[in-house]
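A short write-up of the structure that comes next.
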Amino acid sequence: MARPEIADSVTLESDDVRILRALQIDPRVGFATVATVLGLSELTVARRYRRMRRAGVIRVIGVVDPGALGQSRWMVRLRCRPGSVTALAEALAQREDVSWVALSAAGSEVTCAVRSRSQEQRDDLLGRRLPRAAAVLDLQASVMLRQFLGGRGHYWAALTGALTPEQESALGPGDRPFTEQPVVRNQPCQLSAHDEKLLAALAADGRASLVQLAAAADLTPGRASRRLHALLSGGVVHIDVEIAPTALGYRARANLWMRVHPAKIKTVGRAMAQMPEVGFAVALSGPNNLQAVVHCRDLDELFEFTSDRVGTLPGVEAMEVSPVFRQIKQAGTRVDGDRLIDPPSGRSR
């Protein structure tokens with residue numbers, strides 16, 4: 001694998017890439033375990049991880065699924081007045097219920113993912129604040145109907161082969177990190193005040209120790225461990241390993257807005273979920289009934305991918321390829337150029 005460079009002249013060495021892959025398999029794995037599996041010292045693993053953290057290469061965070069709480073998720077496209085788009089995008093990125101913000105159409109369009117924890121919060125944003133914003137010329141909001149890929153699926157395939165099968169087995173079961181699922185659960189989970197505090201601690205640092213989580217949630221370490229297991233196994237939260245795409249050599253990111261024959265949308269969505277370039281794929285309401293986020297190494301690879309592989313899928317009737325002009329936020333993490341940025345109070349292990 002080539003050694004791509006990112007901001008601050010940080011170059012990923014082969015051991016860095018292997019550590020990233022180990023964390024993808026088990027985001028909360030201890031450095032001692034990683035060191036044993038990779039044949040490195042624990043100090044080396046910790047030092048390399050913290051170096052990548054400081055450089056904005058990686059963040060490990062807990063991401064709550066609002067669908068597990070009975071709330072829907074929405075994809076929103078905003079066409080904006082010239083000169084006003086950046087301020088609007090930055091304002092959206094400040095909101096906790098907006099997890100993904102990008103500028104496209106050469107900077108005249110904002111795309112965002114709304115993951116409100118309550119109907120009142122969502123209605124306030126989509127029904128009042130955005131329609132009344134002076135910068136917004138047009139608003140298209142589509143509810144997510146079925147997610148084919150997402151969560152820990154980000155960049156999973158990009159690092160395939162970094163470790164041997166034996167090393168991956170020693171770190172975890174090796175199952176795909178995401179399976180197709182309904183967006184909204186039929187039986188919403190009810191969170192306690194302790195759960196809310198625990199989830200807030202995970203959002204700041206998905207590798208926080210049980211002692212740290214217990215202190216944040218006013219629980220004993222034993223109870224914190226049991227609640228963490230319940231929240232993870234119940235799909236209320238997943239531990240996401242966010243990696244700056246350029247760190248892996250992916251410099252062309254795009255939204256695909258697709259119109260697919262209704263009888264073929266499951267087939268197309270499932271086919272795209274198997275493609276290494278796809279980091280997110282979801283069925284939507286509206287005329288563009290399938291949306292995907294794709295990562296390619298350059299624009300030529302993006303062209304080949306969309307024309308030769310996606311465009312030839314049976315059932316695809318039309319497709320708009322919208323390259324991302326600037327990423328502002330991804331999976332709840334702020335982005336500055338090629339770097340992932342910690343919140344002001346963020347701490348990491």
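Every chain in the structure tokens has a letter given in the order shown (A, B, ...), and although residue numbers restart at 1 in each chain, ligands are simply numbered from 1 in the order shown.
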Just asking: which residues within region 211-332 of chain A are alpha helix (DSSP H) according to DSSP, as a short mmCIF file (atom, residue, chain, number, x, y, z; two decimals) with C-alpha atoms, in the first residue's frame?
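For reference, out33.cif as written:
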```
data_model
loop_
_atom_site.label_atom_id
_atom_site.label_comp_id
_atom_site.auth_asym_id
_atom_site.auth_seq_id
_atom_site.Cartn_x
_atom_site.Cartn_y
_atom_site.Cartn_z
CA VAL A 211 -13.61 3.92 34.83
CA GLN A 212 -14.00 7.16 32.84
CA LEU A 213 -17.44 6.15 31.57
CA ALA A 214 -18.54 5.18 35.06
CA ALA A 215 -17.44 8.54 36.46
CA ALA A 216 -19.20 10.43 33.66
CA ALA A 217 -22.45 8.47 34.08
CA PRO A 221 -17.53 0.44 36.53
CA GLY A 222 -19.48 -2.83 36.64
CA ARG A 223 -22.81 -1.14 35.93
CA ALA A 224 -21.21 1.05 33.27
CA SER A 225 -19.88 -2.07 31.56
CA ARG A 226 -23.32 -3.71 31.57
CA ARG A 227 -25.06 -0.58 30.26
CA LEU A 228 -22.44 -0.14 27.54
CA HIS A 229 -22.92 -3.74 26.42
CA ALA A 230 -26.70 -3.31 26.38
CA LEU A 231 -26.55 -0.09 24.38
CA LEU A 232 -24.11 -1.57 21.86
CA SER A 233 -25.89 -4.90 21.44
CA ILE A 265 -34.18 -0.51 -5.35
CA LYS A 266 -33.34 -3.26 -2.85
CA THR A 267 -31.21 -5.07 -5.40
CA VAL A 268 -29.32 -1.91 -6.35
CA GLY A 269 -28.88 -0.80 -2.73
CA ARG A 270 -27.52 -4.20 -1.71
CA ALA A 271 -25.18 -4.29 -4.71
CA MET A 272 -23.77 -0.88 -3.82
CA ALA A 273 -23.26 -1.95 -0.21
CA LEU A 299 -11.99 12.21 -10.43
CA ASP A 300 -11.05 9.79 -13.20
CA GLU A 301 -11.65 6.84 -10.88
CA LEU A 302 -14.96 8.45 -9.87
CA PHE A 303 -15.96 8.66 -13.53
CA GLU A 304 -15.04 5.04 -14.21
#
```
Problem set entry | Close residues, Glu168 (chain A) itself excluded, 10 Å, only C-alpha atoms, min 4 positions apart in chain, as a ChimeraX atom specification | /A:21-22,25-26,37-38,161-164,172-174
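Residue nearest Val237 (chain A) within the list A:Ser108, A:Asp124, A:Ala102, A:Gly206: A:Gly206 [criterion: smallest interatomic distance, only C-alpha atoms].
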Exercise. Looking at only C-alpha atoms, which of A:Arg117, A:Leu69, A:Thr36, A:Asp205 is the one that sits closest to Ile239 (chain A)?
Worked result: A:Asp205
Exercise. Which is closest to Arg53 (chain A) among A:Arg122, A:Glu242, A:Met258, A:Gly315, if we use only C-alpha atoms?
Worked result: A:Glu242
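We find CA of Leu125 (chain A) and CA of Val76 (chain A) to be spaced 10.9 Å apart.
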List as a PDB file with C-alpha atoms, in the first residue's frame the protein and nucleic acid residues near Leu88 (chain A), meaning an atom at most 12 Å away when only C-alpha atoms are counted, but skip any in the same chain fewer than 5 places from it.
```pdb
ATOM      1  CA  LEU A  78     -30.246  23.279   0.299  1.00  0.00           C
ATOM      2  CA  ARG A  79     -29.676  25.533  -2.715  1.00  0.00           C
ATOM      3  CA  CYS A  80     -28.312  28.797  -1.369  1.00  0.00           C
ATOM      4  CA  ARG A  81     -27.706  32.400  -2.345  1.00  0.00           C
ATOM      5  CA  PRO A  82     -24.168  33.157  -3.581  1.00  0.00           C
ATOM      6  CA  GLY A  83     -21.852  34.163  -0.767  1.00  0.00           C
ATOM      7  CA  ALA A  93     -22.415  21.855  11.665  1.00  0.00           C
ATOM      8  CA  GLN A  94     -22.693  23.391  15.137  1.00  0.00           C
ATOM      9  CA  ARG A  95     -25.928  21.474  15.762  1.00  0.00           C
ATOM     10  CA  VAL A 101     -22.539  18.596   6.288  1.00  0.00           C
ATOM     11  CA  ALA A 102     -20.947  19.084   2.883  1.00  0.00           C
ATOM     12  CA  LEU A 103     -20.743  21.787   0.231  1.00  0.00           C
ATOM     13  CA  GLY A 107     -20.061  25.595  -3.186  1.00  0.00           C
ATOM     14  CA  SER A 108     -23.629  26.702  -3.922  1.00  0.00           C
ATOM     15  CA  GLU A 109     -25.398  23.708  -2.333  1.00  0.00           C
ATOM     16  CA  VAL A 110     -25.388  22.328   1.198  1.00  0.00           C
ATOM     17  CA  THR A 111     -26.137  18.669   1.844  1.00  0.00           C
ATOM     18  CA  CYS A 112     -26.745  17.581   5.425  1.00  0.00           C
ATOM     19  CA  ARG A 129     -35.574  27.438  10.846  1.00  0.00           C
ATOM     20  CA  LEU A 130     -34.340  26.300   7.434  1.00  0.00           C
ATOM     21  CA  ALA A 133     -33.346  31.248   6.481  1.00  0.00           C
ATOM     22  CA  ALA A 134     -32.579  34.147   4.132  1.00  0.00           C
ATOM     23  CA  ALA A 135     -29.716  32.214   2.539  1.00  0.00           C
ATOM     24  CA  VAL A 136     -31.928  29.298   1.430  1.00  0.00           C
ATOM     25  CA  ILE A 328     -17.632  20.461   6.964  1.00  0.00           C
TER      26      ILE A 328
END
```
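Minimum atom-to-atom distances from A:Ile58, A:Lys197, A:Gly235, A:Pro343 to Asp218 (chain A) were compared using only C-alpha atoms, and the lowest value belongs to A:Lys197.
Shell of Leu284 (chain A) at 12 Å, with only C-alpha atoms counted and residues fewer than 5 places along the chain excluded, is Ser72, Arg73, Trp74, Met75, Val76, Gln140, Ala141, Ser142, Val143, Met144, Leu145, Arg146, Gln147, Phe148, Pro182, Val183, Trp257, Met258, Arg259, Val260, Pro262, Ile265, Lys266, Gly269, Asn289, Leu290, Gln291 and Ala292 of chain A.
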Problem set entry | Those of region 68-292 of chain A in DSSP strand (DSSP E or B), formatted as a PyMOL selection string | chain A and resi 74-80+98-104+109-114+136-149+181-182+237-243+252-260+278-284+290-292
Problem set entry | Nearest candidate to His238 (chain A) (options A:Gln190, A:Thr44, A:Gln24, A:Thr86; using only C-alpha atoms) | A:Gln24
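Take CA of Leu198 (chain A) and CA of Gly62 (chain A): the distance between them is 9.8 Å.
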Seminar exercise, completed: Arg77 (chain A) proximity check over A:Ser322, A:Arg18, A:Leu23, A:Val184, using only C-alpha atoms: winner is A:Ser322
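Non-sequential neighbours of Val63 (chain A) (distance at most 10 Å, separation of 2 or more positions within a chain, only C-alpha atoms) are Val60, Ile61, Asp65, Pro66, Ser99, Gly151, Arg152, Leu199, Ala200, Leu202, Ala203, Ala204, Gly206, Val236, Val237, His238, Ile239, Asp240, Ala331 and Gly332 of chain A.
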Problem set entry | All residues 8 Å or closer to Phe31 (chain A), only C-alpha atoms, same chain fewer than 3 positions away omitted, as number ranges by chain | A: 34-35, 42, 45-46
For N, CA, C and O atoms, I'd like the residues from the last selection saved as a PDB file, in the first residue's frame.
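Okay, again24.pdb is ready:
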```
ATOM      1  N   VAL A  34      -3.420  -5.014  20.645  1.00  0.00           N
ATOM      2  CA  VAL A  34      -2.977  -4.653  19.295  1.00  0.00           C
ATOM      3  C   VAL A  34      -1.484  -4.917  19.149  1.00  0.00           C
ATOM      4  O   VAL A  34      -1.017  -5.459  18.137  1.00  0.00           O
ATOM      5  N   ALA A  35      -0.723  -4.539  20.160  1.00  0.00           N
ATOM      6  CA  ALA A  35       0.728  -4.728  20.105  1.00  0.00           C
ATOM      7  C   ALA A  35       1.086  -6.202  19.969  1.00  0.00           C
ATOM      8  O   ALA A  35       1.957  -6.579  19.180  1.00  0.00           O
ATOM      9  N   GLU A  42       3.667  -2.099  23.089  1.00  0.00           N
ATOM     10  CA  GLU A  42       2.483  -1.327  23.460  1.00  0.00           C
ATOM     11  C   GLU A  42       2.764   0.167  23.368  1.00  0.00           C
ATOM     12  O   GLU A  42       1.905   0.950  22.942  1.00  0.00           O
ATOM     13  N   VAL A  45       2.469   1.291  19.704  1.00  0.00           N
ATOM     14  CA  VAL A  45       1.079   1.394  19.256  1.00  0.00           C
ATOM     15  C   VAL A  45       0.437   2.659  19.812  1.00  0.00           C
ATOM     16  O   VAL A  45      -0.213   3.414  19.079  1.00  0.00           O
ATOM     17  N   ALA A  46       0.615   2.908  21.110  1.00  0.00           N
ATOM     18  CA  ALA A  46       0.025   4.097  21.723  1.00  0.00           C
ATOM     19  C   ALA A  46       0.596   5.370  21.102  1.00  0.00           C
ATOM     20  O   ALA A  46      -0.145   6.325  20.829  1.00  0.00           O
TER      21      ALA A  46
END
```
For this session: Enter the distance from CA of Glu196 (chain A) to CA of Arg28 (chain A), in Å, rounded to one decimal.
Result: 19.6 Å
